[in-house]
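Colleague: Contents of entry.txt (compact mmCIF, C-alpha atoms):
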# COMPACT_ATOMS: atom_id res chain seq x y z
CA MET A 295 -35.74 -106.41 -63.57
CA LYS A 296 -33.77 -108.40 -66.15
CA ASN A 297 -32.52 -110.74 -63.45
CA ILE A 298 -36.03 -111.35 -62.12
CA LEU A 299 -37.35 -111.99 -65.62
CA ALA A 300 -34.49 -114.34 -66.37
CA GLU A 301 -35.13 -116.28 -63.15
CA ASN A 302 -38.82 -116.58 -64.00
CA LEU A 303 -37.97 -117.81 -67.48
CA LEU A 304 -35.77 -120.47 -66.00
CA ARG A 305 -38.32 -121.45 -63.36
CA PHE A 306 -41.42 -121.67 -65.51
CA GLY A 307 -39.96 -122.06 -69.03
CA VAL A 308 -41.15 -120.37 -72.21
CA LYS A 309 -42.38 -122.20 -75.30
CA ASN A 310 -40.36 -120.04 -77.67
CA LEU A 311 -37.07 -120.68 -75.87
CA SER A 312 -35.06 -123.83 -76.50
CA ASP A 313 -33.02 -125.67 -73.89
CA SER A 314 -29.97 -123.96 -75.37
CA ASP A 315 -31.55 -120.51 -74.92
CA LEU A 316 -32.41 -121.29 -71.30
CA TYR A 317 -28.92 -122.48 -70.61
CA ARG A 318 -27.46 -119.28 -72.07
CA ILE A 319 -29.66 -117.17 -69.81
CA SER A 320 -28.58 -119.11 -66.75
CA GLN A 321 -24.92 -118.73 -67.71
CA SER A 322 -24.92 -115.04 -68.69
CA LYS A 323 -23.43 -113.68 -65.47
CA LEU A 324 -21.11 -116.63 -65.06
CA LEU A 325 -19.74 -116.27 -68.58
CA LYS A 326 -18.87 -112.64 -68.05
CA GLU A 327 -16.99 -113.53 -64.88
CA GLU A 328 -15.25 -116.60 -66.29
CA ILE A 329 -14.19 -115.42 -69.73
CA SER A 330 -10.93 -113.86 -68.59
CA LYS A 331 -9.99 -116.62 -66.18
CA VAL A 332 -6.96 -118.64 -67.23
CA LEU A 333 -7.97 -122.27 -66.80
CA ASN A 334 -5.45 -124.92 -65.87
CA LEU A 335 -4.86 -127.99 -67.98
CA PRO A 336 -4.79 -131.41 -66.32
CA ASN A 337 -1.39 -132.14 -64.83
CA TYR A 338 -0.58 -135.10 -67.07
CA PRO A 339 2.96 -136.06 -68.16
CA THR A 340 2.28 -135.65 -71.89
CA THR A 341 5.45 -137.57 -72.80
CA VAL A 342 3.72 -140.75 -71.61
CA PHE A 343 1.09 -140.30 -74.33
CA THR A 344 3.42 -139.22 -77.13
CA ALA A 345 5.57 -142.28 -76.41
CA ASP A 346 2.66 -144.41 -77.61
CA SER A 347 2.94 -144.83 -81.39
CA ASP A 348 -0.80 -144.61 -82.16
CA PHE A 349 -1.34 -141.58 -79.95
CA ASN A 350 1.79 -139.91 -81.29
CA GLU A 351 0.66 -140.40 -84.89
CA ALA A 352 -2.66 -138.71 -84.10
CA ALA A 353 -0.87 -135.88 -82.27
CA ASP A 354 1.60 -135.35 -85.13
CA MET A 355 -1.30 -135.17 -87.59
CA ILE A 356 -2.85 -132.37 -85.55
CA LYS A 357 0.49 -130.61 -85.13
CA SER A 358 0.94 -130.48 -88.92
CA TRP A 359 -2.64 -129.31 -89.37
CA ILE A 360 -2.10 -126.48 -86.85
CA ALA A 361 1.04 -125.33 -88.69
CA GLN A 362 -0.52 -125.50 -92.16
CA ASN A 363 -3.62 -123.56 -91.15
CA LYS A 364 -1.78 -121.03 -88.94
CA LEU A 365 -3.61 -121.64 -85.67
CA THR A 366 -1.82 -120.08 -82.70
CA PHE A 367 -1.77 -121.35 -79.10
CA ASN A 368 0.14 -120.41 -75.97
CA THR A 369 -0.93 -123.71 -74.46
CA PRO A 370 2.12 -126.02 -74.29
CA ASP A 371 1.61 -129.22 -76.30
CA ALA A 372 -1.69 -127.92 -77.70
CA HIS A 373 -1.67 -130.67 -80.33
CA VAL A 374 -1.60 -133.31 -77.59
CA TRP A 375 -4.55 -131.77 -75.77
CA LEU A 376 -6.47 -131.51 -79.03
CA VAL A 377 -6.24 -135.29 -79.39
CA PHE A 378 -8.02 -135.61 -76.05
CA TYR A 379 -10.63 -133.05 -77.04
CA ILE A 380 -11.37 -134.65 -80.41
CA LEU A 381 -11.73 -138.07 -78.81
CA ILE A 382 -14.13 -136.60 -76.24
CA SER A 383 -16.26 -134.96 -78.90
CA GLU A 384 -16.14 -137.70 -81.52
CA GLY A 385 -15.56 -140.91 -79.57
CA ARG A 386 -18.06 -143.64 -78.95
CA SER A 387 -21.13 -143.05 -76.76
CA GLY A 388 -20.28 -142.28 -73.15
CA TRP A 389 -16.70 -141.21 -73.93
CA ALA A 390 -17.14 -137.78 -72.35
CA GLU A 391 -18.46 -139.31 -69.13
CA LYS A 392 -15.56 -141.78 -69.04
CA TRP A 393 -13.10 -138.95 -69.72
CA ALA A 394 -14.51 -136.84 -66.91
CA LYS A 395 -14.10 -139.76 -64.53
CA VAL A 396 -10.56 -140.84 -65.42
CA SER A 397 -9.26 -137.28 -65.83
CA LYS A 398 -10.49 -136.47 -62.33
CA GLN A 399 -8.66 -139.54 -61.03
CA GLY A 400 -5.52 -138.50 -62.90
CA ASN A 401 -4.59 -142.11 -63.61
CA VAL A 402 -2.38 -141.80 -66.70
CA ASN A 403 -2.50 -145.49 -67.54
CA LYS A 404 -6.31 -145.52 -67.48
CA ILE A 405 -6.40 -142.37 -69.62
CA LEU A 406 -4.10 -143.90 -72.24
CA GLU A 407 -6.13 -147.11 -72.16
CA LEU A 408 -9.26 -145.08 -72.76
CA CYS A 409 -7.66 -143.22 -75.67
CA LYS A 410 -6.66 -146.51 -77.28
CA SER A 411 -10.23 -147.78 -77.08
CA VAL A 412 -11.01 -145.79 -80.24
CA THR A 413 -9.15 -145.64 -83.56
CA MET A 414 -7.44 -142.36 -82.81
CA VAL A 415 -5.83 -141.65 -86.19
CA ASP A 416 -9.03 -142.29 -88.15
CA VAL A 417 -11.10 -140.16 -85.77
CA VAL A 418 -8.64 -137.26 -85.92
CA ARG A 419 -8.28 -137.44 -89.71
CA ASN A 420 -12.05 -137.31 -90.19
CA VAL A 421 -12.51 -134.39 -87.81
CA LEU A 422 -9.74 -132.30 -89.40
CA SER A 423 -11.10 -132.97 -92.89
CA ASN A 424 -14.58 -131.84 -91.88
CA ALA A 425 -13.15 -128.79 -90.10
CA VAL A 426 -11.45 -127.57 -93.29
CA SER A 427 -14.49 -128.15 -95.49
CA GLY A 428 -16.78 -126.32 -93.05
CA ARG A 429 -14.52 -123.39 -92.19
CA VAL A 430 -15.97 -119.87 -91.98
CA GLU A 431 -14.08 -116.66 -92.81
CA ILE A 432 -14.71 -113.70 -90.50
CA GLN A 433 -13.73 -110.09 -91.17
CA MET A 434 -12.56 -108.11 -88.13
CA ASN A 435 -12.67 -104.31 -88.17
CA GLU A 436 -9.60 -102.11 -87.99
CA HIS A 437 -9.35 -99.55 -85.18
CA PRO A 438 -10.01 -96.09 -86.67
CA ASP A 439 -7.18 -94.44 -84.74
CA GLN A 440 -4.67 -97.27 -84.25
CA LYS A 441 -3.94 -98.66 -87.68
CA GLY A 442 -2.77 -102.24 -87.65
CA MET A 443 -4.92 -103.07 -84.63
CA VAL A 444 -8.39 -104.63 -84.40
CA LEU A 445 -11.25 -102.61 -82.88
CA THR A 446 -12.35 -104.48 -79.75
CA ALA A 447 -14.73 -103.86 -76.85
CA GLY A 448 -12.10 -104.22 -74.16
CA VAL A 449 -8.52 -105.30 -74.67
CA ILE A 450 -7.59 -108.86 -75.59
CA LYS A 451 -4.17 -110.26 -74.75
CA PRO A 452 -2.90 -113.83 -75.22
CA ASN A 453 -3.68 -114.75 -71.62
CA SER A 454 -6.33 -112.25 -70.62
CA PHE A 455 -9.37 -110.21 -71.60
CA THR A 456 -9.92 -106.85 -69.91
CA GLN A 457 -13.40 -105.38 -70.18
CA GLY A 458 -14.30 -101.70 -69.97
CA ASP A 459 -12.83 -99.80 -72.92
CA PRO A 460 -15.58 -99.60 -75.62
CA ASN A 461 -12.97 -98.61 -78.22
CA GLY A 462 -10.13 -100.92 -77.32
CA ALA A 463 -7.35 -101.97 -79.68
CA SER A 464 -6.03 -105.54 -79.84
CA ASN A 465 -3.49 -107.41 -81.95
CA ILE A 466 -5.08 -109.97 -84.28
CA ARG A 467 -2.57 -112.71 -83.42
CA GLU A 468 -3.18 -112.19 -79.70
CA ILE A 469 -6.95 -112.34 -80.28
CA VAL A 470 -6.65 -115.67 -82.09
CA THR A 471 -4.29 -117.05 -79.43
CA PHE A 472 -6.66 -116.07 -76.62
CA LEU A 473 -9.68 -117.60 -78.37
CA ASN A 474 -7.90 -120.89 -79.04
CA ASP A 475 -6.45 -121.28 -75.55
CA HIS A 476 -9.75 -120.32 -73.93
CA ASN A 477 -11.80 -122.75 -75.99
CA LEU A 478 -9.32 -125.61 -75.62
CA THR A 479 -8.95 -125.34 -71.85
CA ASN A 480 -12.72 -124.99 -71.41
CA ALA A 481 -13.34 -128.06 -73.55
CA LEU A 482 -10.99 -130.13 -71.40
CA ALA A 483 -12.17 -128.67 -68.09
CA ASN A 484 -15.86 -129.14 -68.91
CA PRO A 485 -16.16 -132.24 -71.13
CA LEU A 486 -19.85 -132.67 -70.35
CA GLY A 487 -20.77 -129.11 -71.40
CA THR A 488 -18.26 -126.83 -73.12
CA ASN A 489 -18.44 -123.04 -72.78
CA GLY A 490 -16.67 -121.68 -75.86
CA ILE A 491 -16.40 -118.44 -77.80
CA ASP A 492 -18.18 -118.70 -81.14
CA ILE A 493 -17.75 -115.63 -83.36
CA GLU A 494 -20.14 -115.12 -86.25
CA PRO A 495 -19.44 -112.77 -89.20
CA TYR A 496 -20.20 -109.10 -88.64
CA LYS A 497 -23.05 -107.53 -90.56
CA ILE A 498 -22.94 -103.75 -90.82
CA GLY A 499 -25.85 -102.05 -89.12
CA ARG A 500 -27.68 -105.18 -88.00
CA GLU A 501 -29.69 -105.01 -84.82
CA SER A 502 -28.53 -107.01 -81.84
CA ARG A 503 -30.20 -110.36 -81.32
CA LYS A 504 -28.85 -110.73 -77.80
CA ILE A 505 -30.95 -112.22 -75.00
CA PHE A 506 -29.79 -110.51 -71.83
CA ASN A 507 -26.30 -110.18 -73.34
CA THR A 508 -26.02 -113.92 -73.96
CA GLY A 509 -26.95 -114.07 -77.63
CA THR A 510 -25.27 -114.24 -80.96
CA ASP A 511 -23.64 -110.87 -81.68
CA ALA A 512 -19.88 -111.10 -81.32
CA PHE A 513 -19.59 -107.53 -82.64
CA VAL A 514 -21.09 -104.30 -81.33
CA PRO A 515 -24.00 -103.60 -83.70
CA GLY A 516 -24.42 -100.37 -85.62
CA LEU A 517 -22.76 -98.40 -88.41
CA PRO A 518 -18.95 -97.99 -88.13
CA GLY A 519 -17.97 -94.34 -88.02
CA LYS A 520 -21.46 -93.32 -86.95
CA ASP A 521 -22.41 -95.33 -83.89
CA PRO A 522 -19.92 -95.36 -80.96
CA GLY A 523 -18.00 -98.62 -80.84
CA ALA A 524 -19.91 -100.10 -83.77
CA GLY A 525 -18.07 -103.05 -85.29
CA ALA A 526 -15.93 -103.73 -82.22
CA LEU A 527 -15.31 -107.39 -81.41
CA ASP A 528 -17.22 -107.97 -78.17
CA LEU A 529 -16.23 -111.25 -76.50
CA VAL A 530 -18.66 -110.80 -73.62
CA ASN A 531 -21.57 -111.01 -76.03
CA ALA A 532 -20.12 -113.70 -78.27
CA ASP A 533 -22.13 -116.85 -78.77
CA TYR A 534 -21.42 -119.55 -76.21
CA GLN A 535 -22.01 -123.20 -76.95
CA TYR A 536 -23.15 -126.04 -74.73
CA ASN A 537 -22.10 -129.19 -76.50
CA TYR A 538 -19.01 -131.15 -77.51
CA ASP A 539 -18.29 -128.93 -80.49
CA ALA A 540 -15.59 -126.29 -79.93
CA LYS A 541 -14.43 -123.56 -82.32
CA PHE A 542 -10.80 -122.80 -83.11
CA TYR A 543 -9.39 -119.91 -85.10
CA SER A 544 -6.52 -119.01 -87.42
CA ILE A 545 -5.30 -115.84 -89.09
CA GLY A 546 -6.73 -115.83 -92.62
CA LYS A 547 -5.43 -112.56 -94.04
CA PHE A 548 -3.90 -109.52 -92.39
CA ASP A 549 -3.07 -106.23 -94.10
CA ALA A 550 -3.16 -103.04 -92.07
CA ALA A 551 -4.47 -99.96 -93.86
CA SER A 552 -1.31 -98.14 -92.88
CA ALA A 553 0.69 -100.82 -94.69
CA LYS A 554 -0.47 -99.97 -98.19
CA SER A 555 2.02 -98.58 -100.69
CA THR A 556 2.55 -98.11 -104.39
CA GLY A 557 6.30 -97.87 -104.02
CA THR A 558 8.65 -98.90 -106.77
CA GLN A 559 9.71 -102.53 -106.97
CA PRO A 560 13.39 -102.69 -107.93
CA THR A 561 13.48 -106.52 -107.86
CA THR A 562 11.15 -109.33 -108.86
CA ILE A 563 10.54 -110.20 -105.20
CA ILE A 564 7.35 -108.66 -103.87
CA PHE A 565 7.24 -108.16 -100.11
CA THR A 566 3.76 -107.91 -98.63
CA PRO A 567 3.23 -106.41 -95.16
CA GLY A 568 0.93 -107.76 -92.49
CA GLU A 569 1.08 -110.10 -89.54
CA GLU A 570 3.76 -111.93 -91.50
CA LEU A 571 6.29 -110.67 -94.03
CA THR A 572 5.46 -112.53 -97.22
CA ALA A 573 8.10 -112.75 -99.93
CA ASN A 574 6.62 -113.74 -103.30
CA LEU A 575 9.47 -115.18 -105.32
CA GLY A 576 7.66 -114.90 -108.64
CA LYS A 577 4.82 -116.57 -110.56
CA GLN A 578 7.05 -118.32 -113.09
CA LEU A 579 9.82 -119.54 -110.82
CA PHE A 580 8.83 -123.04 -111.99
CA LYS A 581 7.82 -123.71 -115.58
CA THR A 582 4.65 -125.65 -116.26
CA GLY A 583 5.10 -129.38 -115.69
CA THR A 584 8.45 -129.11 -113.89
CA ILE A 585 9.85 -129.10 -110.36
CA THR A 586 13.22 -127.61 -111.36
CA PRO A 587 13.31 -123.88 -110.54
CA GLU A 588 14.85 -121.14 -112.61
CA SER A 589 18.57 -120.59 -112.00
CA ASP A 590 18.01 -117.40 -109.99
CA MET A 591 15.90 -119.04 -107.27
CA ALA A 592 18.75 -119.45 -104.79
CA ALA A 593 19.56 -115.75 -105.08
CA LYS A 594 15.89 -114.82 -104.59
CA VAL A 595 15.57 -117.00 -101.50
CA LYS A 596 18.69 -115.44 -99.99
CA GLU A 597 17.42 -111.96 -100.78
CA ALA A 598 14.12 -112.75 -99.09
CA VAL A 599 15.86 -114.03 -95.94
CA ASP A 600 18.23 -111.06 -95.83
CA GLY A 601 15.28 -108.69 -96.17
CA ALA A 602 13.46 -110.31 -93.26
CA LYS A 603 16.59 -110.14 -91.10
CA LYS A 604 16.90 -106.41 -91.75
CA ILE A 605 13.55 -105.95 -90.02
CA GLY A 606 14.21 -108.16 -87.00
CA THR A 607 14.68 -111.71 -85.78
CA ILE A 608 13.03 -114.49 -87.78
CA THR A 609 11.01 -116.67 -85.40
CA ALA A 610 9.04 -118.82 -87.87
CA VAL A 611 9.05 -119.59 -91.59
CA ARG A 612 6.41 -121.14 -93.82
CA ILE A 613 7.09 -122.19 -97.41
CA GLU A 614 4.14 -122.04 -99.79
CA SER A 615 4.16 -123.55 -103.27
CA GLY A 616 1.50 -124.23 -105.87
CA ALA A 617 0.48 -125.91 -109.09
CA SER A 618 -2.31 -124.88 -111.44
CA PHE A 619 -5.55 -126.87 -111.32
CA ASP A 620 -6.38 -125.21 -114.67
CA ARG A 621 -3.47 -127.08 -116.23
CA PRO A 622 -4.02 -130.81 -115.70
CA VAL A 623 -1.08 -133.10 -116.26
CA ASN A 624 -1.71 -134.89 -119.55
CA ALA A 625 0.97 -137.55 -119.30
CA ASP A 626 1.30 -141.19 -118.30
CA ASN A 627 3.62 -142.44 -115.57
CA ALA A 628 6.69 -142.85 -117.77
CA THR A 629 6.29 -139.52 -119.56
CA PHE A 630 5.71 -137.64 -116.32
CA ALA A 631 8.78 -139.26 -114.76
CA LYS A 632 10.90 -137.87 -117.62
CA MET A 633 9.29 -134.43 -117.22
CA VAL A 634 10.32 -134.18 -113.58
CA GLY A 635 13.55 -136.17 -113.87
CA MET A 636 12.70 -138.92 -111.41
CA PRO A 637 12.28 -142.73 -111.62
CA THR A 638 8.84 -144.05 -112.55
CA ASN A 639 8.38 -145.66 -109.13
CA LYS A 640 8.93 -142.30 -107.42
CA VAL A 641 6.13 -140.44 -109.21
CA PRO A 642 2.34 -140.96 -109.20
CA ALA A 643 1.13 -144.08 -110.98
CA ASN A 644 -1.52 -141.96 -112.70
CA PRO A 645 -0.36 -138.32 -113.00
CA LYS A 646 -3.59 -137.36 -114.78
CA VAL A 647 -5.50 -137.61 -111.50
CA ASP A 648 -6.11 -134.14 -110.07
CA LYS A 649 -7.62 -132.76 -106.89
CA GLN A 650 -7.97 -129.11 -105.95
CA GLY A 651 -6.89 -127.89 -102.51
CA THR A 652 -4.11 -128.46 -99.97
CA VAL A 653 -1.84 -131.37 -100.87
CA THR A 654 -1.91 -134.16 -98.30
CA ASP A 655 -0.39 -136.89 -100.50
CA PRO A 656 2.09 -135.86 -103.23
CA MET A 657 1.63 -139.25 -104.92
CA SER A 658 -2.09 -138.70 -105.39
CA GLY A 659 -1.74 -136.94 -108.76
CA GLY A 660 0.51 -135.00 -111.11
CA ASN A 661 -0.24 -131.48 -109.88
CA ALA A 662 -0.11 -132.56 -106.24
CA PHE A 663 3.36 -133.96 -106.94
CA LEU A 664 4.46 -130.76 -108.70
CA ALA A 665 3.21 -128.48 -105.92
CA HIS A 666 4.84 -130.59 -103.19
CA TYR A 667 8.23 -130.94 -104.82
CA ARG A 668 8.37 -127.28 -105.75
CA GLY A 669 8.12 -126.62 -102.03
CA ILE A 670 10.92 -129.12 -101.43
CA ALA A 671 13.08 -127.23 -103.96
CA ILE A 672 12.51 -123.97 -102.08
CA GLN A 673 13.22 -125.71 -98.79
CA ASN A 674 16.53 -127.01 -100.15
CA ALA A 675 17.49 -123.54 -101.38
CA LEU A 676 16.56 -122.06 -98.00
CA GLY A 677 18.63 -124.52 -96.00
CA ASN A 678 19.33 -123.11 -92.54
CA GLN A 679 19.68 -119.49 -93.65
CA ALA A 680 16.65 -118.38 -91.63
CA GLY A 681 17.85 -120.09 -88.45
CA VAL A 682 14.52 -121.89 -87.90
CA THR A 683 12.95 -125.06 -89.31
CA PRO A 684 10.29 -124.12 -91.89
CA THR A 685 6.86 -125.65 -92.27
CA MET A 686 5.61 -126.30 -95.80
CA VAL A 687 2.20 -125.97 -97.45
CA ALA A 688 1.57 -127.07 -101.05
CA LYS A 689 -1.69 -126.38 -102.91
CA VAL A 690 -3.32 -127.14 -106.23
CA GLU A 691 -5.46 -124.14 -107.14
CA LYS A 692 -7.08 -122.43 -110.10
CA GLY A 693 -5.35 -119.39 -111.58
CA GLY A 694 -2.98 -120.32 -114.39
CA ASP A 695 0.42 -118.66 -113.90
CA ALA A 696 -0.71 -117.15 -110.60
CA ALA A 697 -1.34 -120.64 -109.19
CA GLN A 698 2.24 -121.68 -109.92
CA TYR A 699 3.49 -119.49 -107.10
CA ALA A 700 6.42 -119.82 -104.76
CA ARG A 701 6.56 -117.73 -101.62
CA ILE A 702 8.04 -117.66 -98.15
CA ALA A 703 6.17 -116.22 -95.16
CA PHE A 704 8.31 -115.00 -92.26
CA THR A 705 7.20 -114.25 -88.73
CA VAL A 706 9.61 -111.54 -87.63
CA LYS A 707 10.09 -110.20 -84.11
CA LYS A 708 11.02 -106.54 -84.43
CA PRO A 709 13.28 -104.72 -81.95
CA ASP A 710 10.22 -103.25 -80.22
CA GLY A 711 8.91 -106.78 -79.53
CA THR A 712 6.05 -106.65 -82.05
CA ASN A 713 5.72 -108.67 -85.26
CA THR A 714 3.29 -106.68 -87.40
CA ILE A 715 5.12 -105.66 -90.58
CA THR A 716 4.32 -102.19 -91.92
CA ASN A 717 5.10 -100.32 -95.12
CA ASP A 718 7.90 -98.45 -93.34
CA ASP A 719 9.48 -101.76 -92.37
CA ILE A 720 9.47 -102.86 -96.00
CA LYS A 721 10.91 -99.53 -97.10
CA SER A 722 13.78 -100.16 -94.68
CA ILE A 723 14.84 -103.14 -96.81
CA GLY A 724 14.59 -101.14 -100.02
CA LYS A 725 11.56 -102.81 -101.57
CA GLY A 726 8.11 -101.62 -102.49
CA SER A 727 4.99 -103.28 -101.15
CA VAL A 728 1.88 -104.51 -102.90
CA SER A 729 -0.67 -101.79 -103.53
CA SER A 730 -4.04 -102.92 -102.20
CA ASP A 731 -7.31 -101.76 -100.68
CA LEU A 732 -7.49 -98.50 -98.81
CA SER A 733 -8.96 -100.21 -95.75
CA GLY A 734 -7.35 -102.80 -93.52
CA ILE A 735 -8.04 -106.47 -94.03
CA PHE A 736 -8.28 -108.46 -90.81
CA LYS A 737 -9.66 -111.89 -91.50
CA VAL A 738 -9.70 -114.90 -89.23
CA VAL A 739 -10.90 -118.37 -90.14
CA LYS A 740 -13.12 -120.38 -87.80
CA TYR A 741 -12.85 -124.14 -87.71
CA ASP A 742 -15.52 -126.30 -86.17
CA LEU A 743 -13.93 -129.27 -84.41
As structure tokens, what does this structure read like?
Modeller:
Amino acid sequence: MKNILAENLLRFGVKNLSDSDLYRISQSKLLKEEISKVLNLPNYPTTVFTADSDFNEAADMIKSWIAQNKLTFNTPDAHVWLVFYILISEGRSGWAEKWAKVSKQGNVNKILELCKSVTMVDVVRNVLSNAVSGRVEIQMNEHPDQKGMVLTAGVIKPNSFTQGDPNGASNIREIVTFLNDHNLTNALANPLGTNGIDIEPYKIGRESRKIFNTGTDAFVPGLPGKDPGAGALDLVNADYQYNYDAKFYSIGKFDAASAKSTGTQPTTIIFTPGEELTANLGKQLFKTGTITPESDMAAKVKEAVDGAKKIGTITAVRIESGASFDRPVNADNATFAKMVGMPTNKVPANPKVDKQGTVTDPMSGGNAFLAHYRGIAIQNALGNQAGVTPTMVAKVEKGGDAAQYARIAFTVKKPDGTNTITNDDIKSIGKGSVSSDLSGIFKVVKYDL
């Protein structure tokens, strides 16, 4: 009956349904069949594109953005493919049609020529800036029986989605990886009409607004703990788009309920469990207005690395450093140069300028400079102890002492092959964890590119 009604809606149209609604109805069965299919990327020699200086600059900008915002992909050279996608979605009129034509031909020279027909770096910079300002935070729900895992309708793996289990359990990193790879490959395979997974925040107890299972509820509706499967992430019923506007996801915050502890803290380093092992080196590691750390920083960095190694193999490291937006730099160029011990031509011309948020240019203001070079100091102390090259994120935020933080986030592969850090893991290195909420926190961030 639903199929007949859907066909009639498509044949005769309904005033209350938009073109987008009609398209979703027509695609409902197809989407369910296609969602788990691993799409193939075009067989282009990506080194040809990254050898071009303009293209490479745009690709490097995206690569840094991916690292800073913790997006995960299994797709090789994802940053290169994102250049193509952004140009398709933001390029001049007719770009998508041209892309579809040249990509089908597979002529690499024509593709590069097409890419160079727009100002790639400016287009990419604008898109990434808008993506950050328009990001949406989404809370996932922890599985009631498998702490540390997300409750999902079906099981999500990096390269697959298996339907069937109404109370499935999936790893948050693998969910994000699947979403990103799926949306990226779909955007490139279907440049004239992208089918992507668009997850909206879950609202407890809300009624489903689905139209023949093609609507806007990415979570099973109902009351968690009362209605079977309520709150489970349901990719089949996630919102699909039909435009040049894909969604990409990152891990915002991850703390399993089973990872909470009020254990003693014998050192000033605070290890926090979750998808990453975060080592907070202390709020006052850097005094206000300086980039020179306290004398014990090297020892703290070593202790943090040694602690991570006790749990498993370090596979990635991110350095995070901050300066307080509440404490503007009230000094001219010469005075500020003396404060930080650097020549006047190596510090901001006007240190009093201040901007809150992630630092993109350390010379843009005094606090941006402080946050950036505090990260450099940590990086120098870290050296090659972790065995991997770290990425670095500097921020100017409100919070007084708390905003003058210095921390290192480790991705650690444990002997069992997993990387979710628990309270027991932290106990194994002799440190207490941060006491926190009694329920798990599983947040992802959605970026609209």
Colleague: Please compute the CA of Ala671 (chain A)-CA of Lys646 (chain A) distance, one decimal, in Å.
Modeller: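 That distance, rounded to one decimal, is 22.3 Å.
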Colleague: CA of Thr629 (chain A) to CA of Val687 (chain A): how many Å, to one decimal?
Modeller: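 It comes out at 26.3 Å.
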Colleague: Would you please work out which residue, of A:Gly711, A:Gly669, A:Gly458, A:Gly616, is nearest to Lys689 (chain A) when using only C-alpha atoms?
Modeller: A:Gly616
Colleague: Considering all atoms listed in the file, state which residue in the set A:Ala425, A:Ala540, A:Leu664, A:Ala524 is at the smallest distance from Met636 (chain A).
Modeller: A:Leu664
Colleague: Tell me, as a PyMOL selection string, which residues lie within 7 Å of region 674-684 of chain A, counting all atoms listed in the file; anything in the same chain fewer than 4 positions away does not count.
Modeller: chain A and resi 592+595+599+608-613+670
Colleague: Take the residues from that selection and write them out as a short mmCIF file (atom, residue, chain, number, x, y, z; two decimals), in the coordinates of the input, keeping C-alpha atoms.
Modeller:
data_model
loop_
_atom_site.label_atom_id
_atom_site.label_comp_id
_atom_site.auth_asym_id
_atom_site.auth_seq_id
_atom_site.Cartn_x
_atom_site.Cartn_y
_atom_site.Cartn_z
CA ALA A 592 18.75 -119.45 -104.79
CA VAL A 595 15.57 -117.00 -101.50
CA VAL A 599 15.86 -114.03 -95.94
CA ILE A 608 13.03 -114.49 -87.78
CA THR A 609 11.01 -116.67 -85.40
CA ALA A 610 9.04 -118.82 -87.87
CA VAL A 611 9.05 -119.59 -91.59
CA ARG A 612 6.41 -121.14 -93.82
CA ILE A 613 7.09 -122.19 -97.41
CA ILE A 670 10.92 -129.12 -101.43
#
Colleague: Which of these residues is nearest to Asn350 (chain A), using all atoms listed in the file: A:Phe378, A:Phe663, A:Phe630, A:Phe619?
Modeller: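 Closest to Asn350 (chain A), using all atoms listed in the file: A:Phe378.
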Colleague: Can you work out which one of A:Val470, A:Ala481, A:Ala697, A:Ala665 has the shortest atom-to-atom distance to Trp393 (chain A), counting all atoms listed in the file?
Modeller: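 Smallest distance to Trp393 (chain A) is found for A:Ala481.
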Colleague: At a cut-off of 10 Å from (-13.6, -122.7, -84.7) in the coordinates of the file, what residues are picked up using only C-alpha atoms, written as a PyMOL selection string?
Modeller: chain A and resi 425+428-430+473-474+477+490-493+539-544+738-743
Colleague: Name the closest residue to Leu406 (chain A) among the candidates A:Ser347, A:Ser358, A:Asn461, A:Gln440; distances are taken between atoms, counting only C-alpha atoms.
Modeller: A:Ser347
Colleague: Write out as number ranges by chain the residues lying within 10 Å of region 449-455 of chain A, counting all atoms listed in the file and excluding same-chain residues fewer than 6 positions away.
Modeller: A: 329-333, 366-369, 461-476, 527-530
Colleague: Could you write out the selected residues, including C-alpha atoms, as a CSV table (one decimal), keeping the file's coordinate frame?
Modeller:
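See selection_24.csv below for the written result:
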chain,number,residue,atom,x,y,z
A,329,ILE,CA,-14.2,-115.4,-69.7
A,330,SER,CA,-10.9,-113.9,-68.6
A,331,LYS,CA,-10.0,-116.6,-66.2
A,332,VAL,CA,-7.0,-118.6,-67.2
A,333,LEU,CA,-8.0,-122.3,-66.8
A,366,THR,CA,-1.8,-120.1,-82.7
A,367,PHE,CA,-1.8,-121.4,-79.1
A,368,ASN,CA,0.1,-120.4,-76.0
A,369,THR,CA,-0.9,-123.7,-74.5
A,461,ASN,CA,-13.0,-98.6,-78.2
A,462,GLY,CA,-10.1,-100.9,-77.3
A,463,ALA,CA,-7.4,-102.0,-79.7
A,464,SER,CA,-6.0,-105.5,-79.8
A,465,ASN,CA,-3.5,-107.4,-82.0
A,466,ILE,CA,-5.1,-110.0,-84.3
A,467,ARG,CA,-2.6,-112.7,-83.4
A,468,GLU,CA,-3.2,-112.2,-79.7
A,469,ILE,CA,-7.0,-112.3,-80.3
A,470,VAL,CA,-6.6,-115.7,-82.1
A,471,THR,CA,-4.3,-117.0,-79.4
A,472,PHE,CA,-6.7,-116.1,-76.6
A,473,LEU,CA,-9.7,-117.6,-78.4
A,474,ASN,CA,-7.9,-120.9,-79.0
A,475,ASP,CA,-6.4,-121.3,-75.6
A,476,HIS,CA,-9.8,-120.3,-73.9
A,527,LEU,CA,-15.3,-107.4,-81.4
A,528,ASP,CA,-17.2,-108.0,-78.2
A,529,LEU,CA,-16.2,-111.2,-76.5
A,530,VAL,CA,-18.7,-110.8,-73.6
Colleague: List the neighbours of Ala625 (chain A) out to 12 Å using all atoms listed in the file; skip same-chain residues closer than 4 positions along the sequence, and give me the result as a list of chain:residue names.
Modeller: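 Those residues are A:Gly583, A:Arg621, A:Thr629, A:Phe630, A:Ala631, A:Lys632, A:Met633, A:Val634, A:Val641, A:Pro642, A:Ala643, A:Asn644, A:Pro645, A:Lys646, A:Val647, A:Gly659, A:Gly660, A:Asn661.
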